[in-house]
Structures are given as C-alpha cells and as structure tokens.
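Colleague: Take a look at start_36.cif, mmCIF, C-alpha atoms:
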data_input
#
loop_
_atom_site.label_atom_id
_atom_site.label_comp_id
_atom_site.auth_asym_id
_atom_site.auth_seq_id
_atom_site.Cartn_x
_atom_site.Cartn_y
_atom_site.Cartn_z
CA MET A 13 -50.47 -32.82 -79.33
CA ALA A 14 -53.31 -30.49 -80.14
CA ARG A 15 -53.50 -29.38 -83.73
CA LEU A 16 -54.41 -25.94 -85.03
CA ILE A 17 -56.52 -26.65 -88.10
CA GLY A 18 -56.85 -23.08 -89.30
CA GLY A 19 -57.89 -19.53 -88.72
CA VAL A 20 -61.17 -17.82 -89.41
CA GLY A 21 -61.79 -14.09 -89.65
CA ALA A 22 -65.40 -13.06 -89.15
CA SER A 23 -67.43 -9.95 -88.46
CA HIS A 24 -69.55 -9.92 -85.33
CA VAL A 25 -72.07 -7.21 -86.20
CA PRO A 26 -75.19 -7.62 -84.04
CA SER A 27 -77.50 -6.80 -86.96
CA ILE A 28 -76.51 -10.25 -88.29
CA TYR A 29 -78.31 -12.00 -85.45
CA VAL A 30 -81.17 -9.52 -85.60
CA ALA A 31 -81.61 -10.41 -89.28
CA LEU A 32 -81.68 -14.11 -88.37
CA ASP A 33 -84.11 -13.49 -85.50
CA ARG A 34 -86.47 -11.66 -87.85
CA GLY A 35 -86.31 -14.32 -90.52
CA LEU A 36 -84.53 -12.06 -93.02
CA ARG A 37 -82.04 -14.74 -94.15
CA GLU A 38 -83.51 -14.80 -97.66
CA SER A 39 -84.29 -11.07 -97.98
CA PRO A 40 -82.53 -9.10 -100.74
CA ASP A 41 -80.64 -7.08 -98.11
CA TRP A 42 -79.20 -10.13 -96.40
CA LYS A 43 -79.21 -13.13 -98.75
CA PRO A 44 -75.91 -12.24 -100.48
CA PHE A 45 -74.20 -11.97 -97.13
CA PHE A 46 -75.50 -15.21 -95.64
CA ASP A 47 -75.01 -17.13 -98.89
CA GLY A 48 -71.37 -16.05 -98.89
CA CYS A 49 -70.86 -17.59 -95.47
CA VAL A 50 -72.04 -21.05 -96.53
CA PRO A 51 -68.61 -22.31 -97.71
CA CYS A 52 -67.17 -21.33 -94.30
CA GLN A 53 -69.90 -23.33 -92.59
CA GLU A 54 -69.18 -26.28 -94.86
CA TRP A 55 -65.51 -26.06 -94.00
CA ALA A 56 -66.29 -26.05 -90.27
CA ALA A 57 -68.68 -28.98 -90.66
CA GLN A 58 -66.08 -30.96 -92.57
CA GLU A 59 -63.07 -30.20 -90.38
CA LYS A 60 -64.97 -30.61 -87.10
CA PRO A 61 -62.75 -28.70 -84.71
CA ASP A 62 -63.16 -29.62 -81.04
CA ILE A 63 -62.38 -26.21 -79.59
CA ALA A 64 -62.67 -22.65 -80.93
CA ILE A 65 -60.48 -19.95 -79.45
CA VAL A 66 -62.62 -16.89 -80.07
CA VAL A 67 -60.81 -13.55 -80.12
CA PHE A 68 -63.37 -10.81 -79.58
CA ASN A 69 -64.16 -7.72 -77.56
CA ASP A 70 -66.75 -7.03 -74.94
CA HIS A 71 -69.00 -4.07 -75.81
CA GLY A 72 -69.51 -2.51 -72.40
CA ASN A 73 -71.41 -5.53 -71.15
CA ALA A 74 -69.15 -7.71 -69.02
CA PHE A 75 -66.72 -4.86 -68.37
CA PHE A 76 -67.27 -1.17 -67.73
CA ASP A 77 -65.21 0.39 -64.96
CA LYS A 78 -62.55 -2.30 -65.22
CA THR A 79 -61.04 -2.71 -68.66
CA PRO A 80 -58.62 -5.55 -69.19
CA THR A 81 -56.42 -5.11 -72.26
CA PHE A 82 -56.48 -8.88 -72.68
CA ALA A 83 -58.69 -11.32 -70.80
CA ILE A 84 -59.28 -15.06 -71.02
CA GLY A 85 -62.29 -17.00 -69.87
CA CYS A 86 -61.57 -20.27 -68.07
CA ALA A 87 -65.10 -21.25 -67.07
CA ASP A 88 -67.00 -24.48 -67.69
CA ARG A 89 -69.69 -22.57 -69.54
CA TYR A 90 -70.50 -19.08 -70.73
CA MET A 91 -74.02 -17.73 -70.77
CA PRO A 92 -75.12 -15.12 -73.30
CA ILE A 93 -75.20 -11.73 -71.58
CA ASP A 94 -78.10 -9.26 -71.46
CA GLU A 95 -76.89 -6.32 -73.56
CA GLY A 96 -79.99 -4.28 -72.77
CA TYR A 97 -82.44 -6.03 -75.08
CA GLY A 98 -82.93 -9.05 -72.79
CA VAL A 99 -80.95 -12.27 -72.80
CA ARG A 100 -80.95 -13.90 -76.22
CA ASP A 101 -82.51 -17.31 -76.57
CA ILE A 102 -79.44 -19.18 -77.72
CA SER A 103 -77.58 -22.07 -76.16
CA ALA A 104 -74.91 -21.52 -73.54
CA PHE A 105 -71.35 -22.02 -74.72
CA GLU A 106 -69.42 -24.92 -73.25
CA GLY A 107 -65.96 -23.94 -72.09
CA ALA A 108 -62.64 -25.74 -72.40
CA PRO A 109 -61.17 -24.72 -69.03
CA GLU A 110 -58.18 -27.08 -69.28
CA LEU A 111 -57.04 -25.41 -72.47
CA SER A 112 -57.90 -21.95 -71.12
CA TRP A 113 -55.70 -22.43 -68.07
CA HIS A 114 -52.94 -23.91 -70.21
CA ILE A 115 -53.05 -20.86 -72.47
CA ILE A 116 -53.01 -18.51 -69.47
CA ASP A 117 -49.95 -20.33 -68.05
CA ARG A 118 -48.07 -20.20 -71.34
CA LEU A 119 -49.02 -16.59 -72.07
CA VAL A 120 -47.80 -15.36 -68.72
CA GLU A 121 -44.53 -17.20 -69.31
CA SER A 122 -44.38 -15.32 -72.61
CA HIS A 123 -44.88 -12.06 -70.72
CA PHE A 124 -48.50 -11.58 -71.69
CA ASP A 125 -50.59 -11.15 -68.57
CA PRO A 126 -54.27 -11.58 -69.35
CA MET A 127 -57.04 -11.00 -66.87
CA ILE A 128 -58.24 -14.41 -65.67
CA CYS A 129 -62.04 -14.72 -65.84
CA GLN A 130 -63.43 -17.66 -63.90
CA GLU A 131 -66.96 -16.47 -64.56
CA LEU A 132 -67.91 -14.62 -67.71
CA GLU A 133 -71.01 -13.84 -69.72
CA VAL A 134 -70.39 -13.28 -73.40
CA ASP A 135 -71.95 -10.75 -75.77
CA HIS A 136 -72.52 -10.63 -79.53
CA GLY A 137 -68.78 -10.37 -80.10
CA LEU A 138 -68.51 -14.10 -79.45
CA GLN A 139 -72.08 -15.12 -80.26
CA VAL A 140 -72.32 -13.89 -83.85
CA PRO A 141 -69.18 -15.56 -85.25
CA MET A 142 -70.28 -18.81 -83.61
CA GLU A 143 -73.68 -18.49 -85.28
CA LEU A 144 -72.08 -17.66 -88.61
CA LEU A 145 -70.07 -20.88 -88.50
CA TRP A 146 -72.43 -23.26 -86.72
CA GLY A 147 -75.93 -21.80 -86.93
CA ARG A 148 -78.12 -22.14 -83.88
CA PRO A 149 -77.68 -25.67 -82.58
CA GLU A 150 -79.21 -26.87 -79.34
CA LYS A 151 -75.70 -27.80 -78.33
CA TRP A 152 -72.70 -26.10 -79.91
CA PRO A 153 -70.46 -28.63 -81.66
CA VAL A 154 -67.31 -26.95 -80.34
CA LYS A 155 -66.13 -25.82 -76.94
CA VAL A 156 -64.88 -22.28 -76.64
CA VAL A 157 -61.99 -20.36 -75.15
CA PRO A 158 -62.99 -16.68 -75.02
CA LEU A 159 -60.01 -14.37 -75.54
CA LEU A 160 -61.04 -10.76 -75.10
CA VAL A 161 -59.20 -7.72 -76.40
CA ASN A 162 -59.99 -4.16 -75.37
CA VAL A 163 -60.70 -2.18 -78.53
CA ILE A 164 -63.03 0.46 -77.04
CA GLN A 165 -61.39 2.19 -74.09
CA TYR A 166 -58.18 3.94 -75.13
CA PRO A 167 -55.39 3.12 -74.95
CA ILE A 168 -56.17 -0.04 -76.91
CA PRO A 169 -53.29 -2.44 -77.62
CA THR A 170 -51.14 -1.89 -80.70
CA PRO A 171 -51.53 -4.05 -83.79
CA ALA A 172 -47.99 -5.37 -83.25
CA ARG A 173 -48.92 -6.45 -79.73
CA CYS A 174 -51.96 -8.34 -81.00
CA TRP A 175 -49.78 -10.07 -83.55
CA GLU A 176 -47.25 -11.11 -80.89
CA LEU A 177 -50.10 -12.38 -78.74
CA GLY A 178 -51.09 -14.59 -81.65
CA LYS A 179 -47.61 -16.06 -81.82
CA ALA A 180 -47.60 -16.77 -78.09
CA LEU A 181 -51.06 -18.27 -78.40
CA ARG A 182 -49.78 -20.61 -81.08
CA ARG A 183 -46.96 -21.85 -78.88
CA ALA A 184 -49.55 -22.56 -76.21
CA VAL A 185 -51.73 -24.53 -78.62
CA ASP A 186 -48.79 -26.50 -79.94
CA SER A 187 -47.74 -27.52 -76.44
CA TYR A 188 -51.22 -28.62 -75.34
CA PRO A 189 -51.04 -32.35 -74.67
CA THR A 190 -54.30 -33.62 -76.18
CA ASP A 191 -55.28 -34.71 -79.66
CA GLU A 192 -57.96 -32.08 -80.00
CA LYS A 193 -58.43 -29.99 -83.13
CA ILE A 194 -58.43 -26.29 -82.53
CA VAL A 195 -59.54 -23.36 -84.65
CA VAL A 196 -58.84 -19.68 -83.92
CA LEU A 197 -61.52 -17.12 -84.73
CA GLY A 198 -60.46 -13.51 -85.13
CA THR A 199 -63.60 -11.40 -85.01
CA GLY A 200 -64.84 -7.87 -85.66
CA GLY A 201 -64.79 -5.42 -88.52
CA LEU A 202 -64.64 -4.74 -91.23
CA SER A 203 -64.73 -0.97 -91.77
CA HIS A 204 -67.33 0.96 -89.78
CA GLN A 205 -67.72 4.07 -87.74
CA LEU A 206 -70.77 4.33 -85.54
CA GLN A 207 -70.25 7.72 -83.96
CA GLY A 208 -69.05 11.23 -84.59
CA GLY A 209 -69.05 13.44 -87.65
CA ARG A 210 -67.71 10.57 -89.72
CA ALA A 211 -70.50 8.19 -88.63
CA GLY A 212 -71.42 5.88 -91.47
CA PHE A 213 -67.90 5.71 -92.86
CA ILE A 214 -67.31 2.51 -94.82
CA ASN A 215 -64.20 1.84 -96.90
CA ARG A 216 -64.95 -0.97 -99.32
CA GLU A 217 -61.59 -0.78 -101.10
CA ALA A 218 -59.69 -1.03 -97.84
CA ASP A 219 -61.89 -3.91 -96.72
CA LEU A 220 -61.24 -5.90 -99.87
CA ARG A 221 -57.52 -5.21 -99.61
CA TRP A 222 -57.63 -6.31 -95.97
CA LEU A 223 -59.15 -9.64 -96.94
CA GLU A 224 -56.25 -10.12 -99.36
CA ASP A 225 -53.49 -8.87 -97.09
CA ILE A 226 -54.58 -10.76 -94.00
CA ALA A 227 -53.69 -13.91 -95.91
CA SER A 228 -50.76 -12.88 -98.08
CA ASP A 229 -49.14 -9.87 -96.41
CA PRO A 230 -50.05 -9.76 -92.72
CA GLU A 231 -46.69 -8.20 -91.87
CA LYS A 232 -47.92 -5.03 -93.53
CA LEU A 233 -51.03 -5.00 -91.32
CA ARG A 234 -49.01 -5.67 -88.22
CA ARG A 235 -46.74 -2.70 -88.90
CA MET A 236 -49.62 -0.23 -89.23
CA SER A 237 -50.35 2.10 -86.31
CA ARG A 238 -53.60 2.32 -84.41
CA LYS A 239 -54.22 5.64 -86.11
CA ASP A 240 -53.75 3.98 -89.49
CA TYR A 241 -56.50 1.53 -88.53
CA VAL A 242 -58.85 4.29 -87.40
CA ASP A 243 -58.19 6.34 -90.54
CA MET A 244 -58.58 3.39 -92.90
CA PHE A 245 -61.35 1.37 -91.24
CA GLY A 246 -63.15 3.89 -88.99
CA SER A 247 -63.02 4.30 -85.24
CA GLU A 248 -64.97 1.10 -84.65
CA GLY A 249 -63.44 -0.72 -87.61
CA ALA A 250 -60.07 -0.39 -85.89
CA GLU A 251 -61.17 -3.47 -83.94
CA LEU A 252 -59.78 -5.41 -86.91
CA ILE A 253 -56.57 -5.58 -84.90
CA MET A 254 -58.21 -8.60 -83.27
CA TRP A 255 -57.81 -10.53 -86.52
CA LEU A 256 -54.06 -10.11 -86.07
CA VAL A 257 -54.17 -12.33 -82.98
CA MET A 258 -55.68 -15.07 -85.14
CA ARG A 259 -53.34 -14.42 -88.05
CA GLY A 260 -50.27 -14.24 -85.81
CA ALA A 261 -51.10 -17.76 -84.66
CA LEU A 262 -50.86 -19.10 -88.20
CA HIS A 263 -47.86 -19.84 -90.38
CA GLU A 264 -46.74 -16.99 -92.61
CA THR A 265 -47.90 -18.98 -95.62
CA VAL A 266 -51.55 -19.96 -95.70
CA ASP A 267 -54.07 -21.21 -98.20
CA VAL A 268 -57.31 -19.30 -98.40
CA ILE A 269 -60.20 -21.76 -98.35
CA HIS A 270 -62.86 -19.10 -98.71
CA ARG A 271 -63.14 -15.35 -98.67
CA HIS A 272 -66.30 -13.28 -98.68
CA TYR A 273 -67.25 -9.61 -98.44
CA PHE A 274 -70.50 -7.71 -98.26
CA ALA A 275 -71.44 -4.10 -97.48
CA PRO A 276 -73.27 -2.60 -95.81
CA ALA A 277 -74.66 -4.80 -93.05
CA SER A 278 -76.35 -2.15 -90.95
CA MET A 279 -73.43 0.36 -90.83
CA THR A 280 -70.59 -2.06 -91.40
CA GLY A 281 -68.61 -3.76 -94.12
CA VAL A 282 -68.72 -7.44 -93.21
CA GLY A 283 -66.45 -10.23 -94.25
CA MET A 284 -65.33 -13.74 -93.61
CA ILE A 285 -62.19 -15.66 -94.44
CA VAL A 286 -61.01 -19.19 -93.75
CA MET A 287 -57.30 -19.95 -93.89
CA GLU A 288 -55.40 -23.21 -93.53
CA GLU A 289 -51.73 -23.90 -93.24
CA ARG A 290 -50.01 -26.08 -95.77
CA PRO A 291 -49.15 -29.49 -94.37
CA GLY A 292 -45.47 -29.96 -93.60
CA LEU A 293 -44.60 -26.33 -93.00
CA VAL A 294 -43.02 -25.64 -89.64
CA ASN A 295 -44.90 -22.80 -88.04
CA HIS A 296 -43.07 -19.64 -87.13
CA GLY A 297 -44.73 -19.54 -83.73
CA ARG A 298 -42.16 -22.00 -82.47
CA SER A 299 -39.15 -19.99 -83.51
CA MET B 13 -71.58 22.80 -85.07
CA VAL B 14 -73.32 22.86 -81.71
CA THR B 15 -76.84 21.61 -81.11
CA GLU B 16 -79.29 22.88 -78.56
CA GLY B 17 -78.40 22.42 -74.91
CA ALA B 18 -76.17 24.77 -73.00
CA GLY B 19 -72.58 23.67 -72.87
CA ALA B 20 -73.06 20.86 -75.37
CA PRO B 21 -69.58 20.31 -76.77
CA GLU B 22 -68.84 20.06 -80.43
CA MET B 23 -69.12 16.76 -82.22
CA PRO B 24 -65.68 15.55 -83.29
CA ASP B 25 -65.34 13.64 -86.55
CA VAL B 26 -63.66 10.71 -84.84
CA PRO B 27 -64.58 10.58 -81.14
CA LEU B 28 -62.13 8.01 -79.82
CA PHE B 29 -63.01 6.90 -76.31
CA ASP B 30 -59.85 8.24 -74.76
CA ARG B 31 -59.07 9.40 -71.26
CA THR B 32 -60.59 12.86 -71.76
CA ARG B 33 -63.90 11.57 -73.06
CA ALA B 34 -64.06 8.68 -70.61
CA LEU B 35 -63.54 10.98 -67.65
CA ARG B 36 -65.82 13.74 -68.87
CA SER B 37 -68.74 11.41 -69.45
CA TYR B 38 -68.10 8.73 -66.86
CA LYS B 39 -71.43 9.10 -65.08
CA LEU B 40 -73.42 9.34 -68.30
CA ASN B 41 -71.83 6.20 -69.69
CA LYS B 42 -72.11 4.39 -66.38
CA MET B 43 -75.82 5.22 -66.17
CA ALA B 44 -76.37 4.00 -69.74
CA GLN B 45 -74.36 0.86 -69.11
CA SER B 46 -76.40 0.10 -65.99
CA LEU B 47 -79.42 -0.45 -68.26
CA ARG B 48 -77.88 -3.77 -69.18
CA ASN B 49 -79.66 -5.01 -66.11
CA ALA B 50 -83.43 -5.69 -66.41
CA GLU B 51 -84.27 -4.36 -62.95
CA ASN B 52 -82.44 -1.12 -63.69
CA ARG B 53 -84.30 -0.81 -66.98
CA ALA B 54 -87.59 -1.10 -65.12
CA ARG B 55 -86.55 1.61 -62.66
CA PHE B 56 -85.32 3.81 -65.49
CA LYS B 57 -88.54 3.41 -67.43
CA ALA B 58 -90.63 4.18 -64.36
CA ASP B 59 -88.96 7.57 -63.88
CA GLU B 60 -86.07 8.40 -66.16
CA ALA B 61 -85.20 11.75 -64.60
CA SER B 62 -85.07 10.37 -61.05
CA TYR B 63 -82.98 7.46 -62.16
CA MET B 64 -80.50 9.81 -63.81
CA HIS B 65 -80.43 12.22 -60.87
CA ALA B 66 -79.61 9.31 -58.61
CA ALA B 67 -76.81 8.37 -61.00
CA GLY B 68 -75.34 11.86 -60.64
CA LEU B 69 -75.89 13.14 -64.17
CA ASP B 70 -75.96 16.90 -64.71
CA GLU B 71 -79.00 18.70 -66.09
CA GLY B 72 -77.58 18.94 -69.60
CA GLU B 73 -76.95 15.22 -69.74
CA ILE B 74 -80.37 14.41 -68.33
CA SER B 75 -82.06 16.66 -70.84
CA ALA B 76 -80.12 15.12 -73.73
CA VAL B 77 -81.08 11.60 -72.63
CA LEU B 78 -84.74 12.54 -72.20
CA ARG B 79 -84.75 14.01 -75.72
CA ARG B 80 -82.79 11.00 -77.03
CA ASP B 81 -80.46 13.52 -78.61
CA TRP B 82 -77.79 11.12 -79.83
CA ARG B 83 -75.77 13.86 -81.43
CA GLU B 84 -75.51 15.78 -78.21
CA LEU B 85 -74.90 12.65 -76.14
CA VAL B 86 -71.96 11.64 -78.32
CA GLY B 87 -70.75 15.24 -78.31
CA ARG B 88 -70.76 15.14 -74.53
CA GLY B 89 -68.52 12.10 -74.49
CA GLY B 90 -71.13 9.37 -74.48
CA ASN B 91 -69.87 6.22 -76.16
CA ILE B 92 -72.18 4.49 -78.60
CA PHE B 93 -71.81 1.06 -77.01
CA PHE B 94 -73.18 2.36 -73.74
CA LEU B 95 -75.67 4.79 -75.28
CA LEU B 96 -77.26 1.96 -77.24
CA LYS B 97 -78.56 0.56 -73.98
CA ILE B 98 -80.74 3.64 -73.62
CA THR B 99 -82.56 2.95 -76.85
CA ALA B 100 -82.57 -0.76 -76.02
CA SER B 101 -84.67 0.08 -72.98
CA ASP B 102 -87.28 1.86 -75.13
CA GLU B 103 -90.46 0.25 -76.41
CA ARG B 104 -89.14 0.48 -79.96
CA PRO B 105 -85.35 0.48 -79.95
CA LEU B 106 -83.91 2.51 -82.82
CA PRO B 107 -81.86 0.89 -85.56
CA LEU B 108 -78.21 1.88 -85.40
CA THR B 109 -78.45 3.62 -88.77
CA VAL B 110 -81.09 6.01 -87.39
CA ILE B 111 -78.77 6.94 -84.55
CA GLY B 112 -75.92 7.33 -87.03
CA ALA B 113 -77.93 9.63 -89.26
CA HIS B 114 -79.13 11.67 -86.30
CA GLN B 115 -75.57 12.31 -85.17
CA ILE B 116 -74.75 14.09 -88.40
CA ASN B 117 -78.14 15.77 -88.85
CA MET B 118 -78.86 13.87 -92.05
CA PRO B 119 -82.18 12.36 -93.11
CA HIS B 120 -82.07 8.58 -92.68
CA GLU B 121 -82.63 7.72 -96.34
CA GLU B 122 -79.89 10.11 -97.38
CA PHE B 123 -77.56 8.66 -94.74
CA LEU B 124 -78.12 5.15 -96.07
CA ARG B 125 -77.41 6.29 -99.60
CA VAL B 126 -74.62 8.82 -99.15
CA ARG B 127 -72.66 7.37 -96.25
CA LEU B 128 -73.39 3.67 -96.43
CA GLY B 129 -73.68 3.39 -100.20
CA LYS B 130 -77.00 1.59 -100.08
CA ILE B 131 -78.71 1.59 -103.45
#
Could you express the structure from this file as structure tokens?
Modeller:
Amino acid sequence: MARLIGGVGASHVPSIYVALDRGLRESPDWKPFFDGCVPCQEWAAQEKPDIAIVVFNDHGNAFFDKTPTFAIGCADRYMPIDEGYGVRDISAFEGAPELSWHIIDRLVESHFDPMICQELEVDHGLQVPMELLWGRPEKWPVKVVPLLVNVIQYPIPTPARCWELGKALRRAVDSYPTDEKIVVLGTGGLSHQLQGGRAGFINREADLRWLEDIASDPEKLRRMSRKDYVDMFGSEGAELIMWLVMRGALHETVDVIHRHYFAPASMTGVGMIVMEERPGLVNHGRS
Amino acid sequence: MVTEGAGAPEMPDVPLFDRTRALRSYKLNKMAQSLRNAENRARFKADEASYMHAAGLDEGEISAVLRRDWRELVGRGGNIFFLLKITASDERPLPLTVIGAHQINMPHEEFLRVRLGKI
C-alpha cells in the first residue's frame, strides 16, 4: 500500500519566486528566509517521495466565475498558468492521475464532492511550495495531485471541514494499492492582509504559535471559526485553513523535523514546517 | 474616509470578498481577471478606456482604473487578486507593498516600517 511519509506546511507567496528570479537568494532581505528552508529541502531529498498532494488555492487564475469549494486535478500534466505577468519559465508538473481519480472516488464515498478537473493550469499557489522543496529542476522529482480549496470567494469552507477533508484524504492514501511514497503539502499563509484599511497586518506572535500548534495542538486550530482566522491572521492569512487539510491527514502525534519562520516576505509572514508520524502508531484517519 | 471619485464607497478595514462585494464589483473584477490572457492585455494596453467600456464598467470604475487608484478600486469591491492583473499589464508592475501603502494613504517607507515591521 501507498505510504504517507509526512506533511509539509509552506507559504506560497509569489514574492518568493520573484526573489529567486531576480537573483536575490543571498540578499539580506531574503537570505534568512531561504536558508531556513534548506533543512526542509534536505528532508525531501532524503525521503524521496514519489507523489506530492499539494493543497493550495487558485488566485483568480484558473477559476473566476465558477468557484469550486474543493477541486482536484486528475490530468497527466499541469502547465504553469499566466497570472498576468506572462507564463513563468518553469517545468510543467507531471500528474499522478491514477491517484487523483482514486482520491476523488474515495472522497465522494466520504461525502466530499470535489470538482473534477481533467485539465488544469496551476498558479503560484502550487508552484512556490514545489520550488521551496525542490528548487527549479528540469524535471520535477515528484508527481503532483493538485487539491484546490476556495479561500477567496466567500463563503469559504470552515476550518473543521478542511480538517475532515484531511482525514478522508488519509483514508484514500492508505487504501491506494501501490508502494509509492506520498507527501501532503498544506500551503499558504502565514499572517497577511493585502487589502483594506488593515492592509499590511502581520501577526508574528500568532504565526509562531501557529507553527507550534499545527504540530502539537491542531484540535485547537480546527475548532476556531473563519472569523477567528481572519482576526488573527488577516483576511488573506485566513487561507491557513488549507494547512488543516494536510494536518488532518496526519496522526494526532507527530514529530517536527524542521520549523522555520520569517517576516516580512513582501507583506506576509512566511513559514515552513515538516512533520513525520512516529513509526508504529495507527493513524486516526482509519477510525 | 472617501477618496476622490463620485460614489466611491468607503474602504472597510477587512474587505472580505463576500456576496455583496462580489456582486457589486463583478464587472470590474471580471475585466481585471481577463488580463490574465496576453491577447486581452494587448487590447487593454492599446486603449484602456475602450476595453473597459466594452467590459461594461461604469465611469467611476473606469476612472479609478485609469488613475490606478488602488484605494478606490478596493473600496468599490475590487479584489486584490484580480486587481493585481491590472498592474501586471503595466510596463512596470507595482510591488504589492506599494499597492498596500496606497490603500491606506501611507508613504511606502512608513508602511514598510509601521505595518510590516521592516527595520
């Protein structure tokens, strides 16, 4: 059976790729952030997952007038989308359609009904976390399953719903009949607000607490309301609910392999965490 | 606080993209989102006002886009993720922080320091 090797939480701020494009990796503004991601990259290189399930949101690129609350790509490949600045010169992402369809089947049986995307172009929400973990290879070392969550057009799903989706996702992974190694990426955040009178809001204390709680007390995060997320992390930072899909897929007890925080990256507090389950623990997703 | 432009609504502190805002600004956001496409960007750049008229925007919206008045555009219900495609179509797209500062009428350096805590 397929094996879930761990969960990664990662920001997907576009200024991260802009910094890389402009050769600012070593600049004082960016070096502390990129240096902090190195242990996560080392973990990925060592564990060599075969497939990454990437939980992210589209930013008005693939979807506008139609807004799926949850959507899953099941294509052979995903091209980077033109977000208005031209198509980025990065490699296309190879899909894992067999696993995508399997997840769709199992989710619907679990009474989650995602939009099924047989063609999909992906924006920075998927691109940036992939680049943070694997750089800019000619060929990505992992296949991807894009799992999109609406966090822009209200009503967005509740944190509890995202958590439950994670549990259903885990049951799907556990019942997938291959020997592949799978990692789940929860993306977005951390605190930021890009618009309105509170534009520029960043909450460093809440961000640091989030990076603790996501590992040790995710139940607390799952019980918070959407308004709690907006108040604490900003209107755009509320997208952190996507990490709950990733965390819900993991056992309640995890070991933190690495945790990293930096602020501000452009207008956002950015962070990364890698979590593994302890061998021998039966995961709660089955119960 | 209301900026120039007749009928420009007030800027809320936390403009969630809810039903009210999505409906009020549907055409504005749809026009901005259409700039995701390179051919549309070329048409927009050739004649912004015509492009926006064709997209059904009202005069206040068109004026705010022409002035790149981010504060007013957000006040009118524009959502940042769509609005960004307007600046993306410009010769020199603005950094997000400039658009953030503009929304609250704060000088950029002060915005970086006071809001974002940049030293």
Colleague: Just want the 6 Å neighbourhood of A:His24, counted on only C-alpha atoms, with same-chain residues fewer than 5 positions away dropped. Output as number ranges by chain.
Modeller: A: 137, 140-141, 200
Colleague: Would you give me, as a ChimeraX atom specification, the residues of chain A that come within 9 Å of chain B, using only C-alpha atoms?
Modeller: /A:27,71-73,76-77,93-98,164-167,205-214,242,246-248,275-276,278-280
Colleague: For the residues selected in the previous step, produce a file with C-alpha atoms as a PDB file, in the coordinates of the input.
Modeller:
ATOM      1  CA  SER A  27     -77.500  -6.800 -86.960  1.00  0.00           C
ATOM      2  CA  HIS A  71     -69.000  -4.070 -75.810  1.00  0.00           C
ATOM      3  CA  GLY A  72     -69.510  -2.510 -72.400  1.00  0.00           C
ATOM      4  CA  ASN A  73     -71.410  -5.530 -71.150  1.00  0.00           C
ATOM      5  CA  PHE A  76     -67.270  -1.170 -67.730  1.00  0.00           C
ATOM      6  CA  ASP A  77     -65.210   0.390 -64.960  1.00  0.00           C
ATOM      7  CA  ILE A  93     -75.200 -11.730 -71.580  1.00  0.00           C
ATOM      8  CA  ASP A  94     -78.100  -9.260 -71.460  1.00  0.00           C
ATOM      9  CA  GLU A  95     -76.890  -6.320 -73.560  1.00  0.00           C
ATOM     10  CA  GLY A  96     -79.990  -4.280 -72.770  1.00  0.00           C
ATOM     11  CA  TYR A  97     -82.440  -6.030 -75.080  1.00  0.00           C
ATOM     12  CA  GLY A  98     -82.930  -9.050 -72.790  1.00  0.00           C
ATOM     13  CA  ILE A 164     -63.030   0.460 -77.040  1.00  0.00           C
ATOM     14  CA  GLN A 165     -61.390   2.190 -74.090  1.00  0.00           C
ATOM     15  CA  TYR A 166     -58.180   3.940 -75.130  1.00  0.00           C
ATOM     16  CA  PRO A 167     -55.390   3.120 -74.950  1.00  0.00           C
ATOM     17  CA  GLN A 205     -67.720   4.070 -87.740  1.00  0.00           C
ATOM     18  CA  LEU A 206     -70.770   4.330 -85.540  1.00  0.00           C
ATOM     19  CA  GLN A 207     -70.250   7.720 -83.960  1.00  0.00           C
ATOM     20  CA  GLY A 208     -69.050  11.230 -84.590  1.00  0.00           C
ATOM     21  CA  GLY A 209     -69.050  13.440 -87.650  1.00  0.00           C
ATOM     22  CA  ARG A 210     -67.710  10.570 -89.720  1.00  0.00           C
ATOM     23  CA  ALA A 211     -70.500   8.190 -88.630  1.00  0.00           C
ATOM     24  CA  GLY A 212     -71.420   5.880 -91.470  1.00  0.00           C
ATOM     25  CA  PHE A 213     -67.900   5.710 -92.860  1.00  0.00           C
ATOM     26  CA  ILE A 214     -67.310   2.510 -94.820  1.00  0.00           C
ATOM     27  CA  VAL A 242     -58.850   4.290 -87.400  1.00  0.00           C
ATOM     28  CA  GLY A 246     -63.150   3.890 -88.990  1.00  0.00           C
ATOM     29  CA  SER A 247     -63.020   4.300 -85.240  1.00  0.00           C
ATOM     30  CA  GLU A 248     -64.970   1.100 -84.650  1.00  0.00           C
ATOM     31  CA  ALA A 275     -71.440  -4.100 -97.480  1.00  0.00           C
ATOM     32  CA  PRO A 276     -73.270  -2.600 -95.810  1.00  0.00           C
ATOM     33  CA  SER A 278     -76.350  -2.150 -90.950  1.00  0.00           C
ATOM     34  CA  MET A 279     -73.430   0.360 -90.830  1.00  0.00           C
ATOM     35  CA  THR A 280     -70.590  -2.060 -91.400  1.00  0.00           C
TER      36      THR A 280
END
Colleague: Rounded to one decimal, what separation in Å do you get between atom CA of A:Tyr90 and atom CA of A:Asp62?
Modeller: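 Taking atom CA of A:Tyr90 as the start and atom CA of A:Asp62 as the end point, the length is 16.5 Å.
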Colleague: How many Å separate atom CA of A:Asp267 from atom CA of A:Ile115?
Modeller: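 Atom CA of A:Asp267 sits 25.8 Å away from atom CA of A:Ile115.
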Colleague: At what distance in Å, to one decimal, does atom CA of A:Glu133 lie from atom CA of A:Leu119?
Modeller: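 Calculated distance between atom CA of A:Leu119 and atom CA of A:Glu133 is 22.3 Å.
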Colleague: Looking at B:Leu85, B:Met118, B:Leu40, B:Leu35, which one is nearest to B:Ala66, with distances taken over all atoms listed in the file?
Modeller: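 Distance minimum relative to B:Ala66 lands on B:Leu40.
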Colleague: Looking at A:Ala261, A:Val286, A:Val161, A:Met91, which one is nearest to A:Arg15, with distances taken over all atoms listed in the file?
Modeller: A:Ala261
Colleague: Generate the coordinates of N, CA and C atoms for stretch 263-272 of chain A; report them as a CSV table (one decimal), in the frame of the given file.
Modeller:
chain,number,residue,atom,x,y,z
A,263,HIS,N,-49.1,-19.9,-89.6
A,263,HIS,CA,-47.9,-19.8,-90.4
A,263,HIS,C,-47.9,-18.7,-91.3
A,264,GLU,N,-46.7,-18.1,-91.7
A,264,GLU,CA,-46.7,-17.0,-92.6
A,264,GLU,C,-47.4,-17.3,-94.0
A,265,THR,N,-47.3,-18.6,-94.4
A,265,THR,CA,-47.9,-19.0,-95.6
A,265,THR,C,-49.2,-19.7,-95.3
A,266,VAL,N,-50.3,-19.3,-95.9
A,266,VAL,CA,-51.6,-20.0,-95.7
A,266,VAL,C,-52.3,-20.1,-97.0
A,267,ASP,N,-53.2,-21.1,-97.1
A,267,ASP,CA,-54.1,-21.2,-98.2
A,267,ASP,C,-55.4,-20.7,-97.8
A,268,VAL,N,-56.0,-19.8,-98.7
A,268,VAL,CA,-57.3,-19.3,-98.4
A,268,VAL,C,-58.4,-20.3,-98.9
A,269,ILE,N,-59.2,-20.8,-98.0
A,269,ILE,CA,-60.2,-21.8,-98.4
A,269,ILE,C,-61.4,-21.0,-98.9
A,270,HIS,N,-61.7,-19.9,-98.2
A,270,HIS,CA,-62.9,-19.1,-98.7
A,270,HIS,C,-62.7,-17.7,-98.2
A,271,ARG,N,-63.2,-16.8,-99.0
A,271,ARG,CA,-63.1,-15.4,-98.7
A,271,ARG,C,-64.4,-14.7,-99.2
A,272,HIS,N,-65.0,-13.8,-98.3
A,272,HIS,CA,-66.3,-13.3,-98.7
A,272,HIS,C,-66.4,-11.9,-98.1
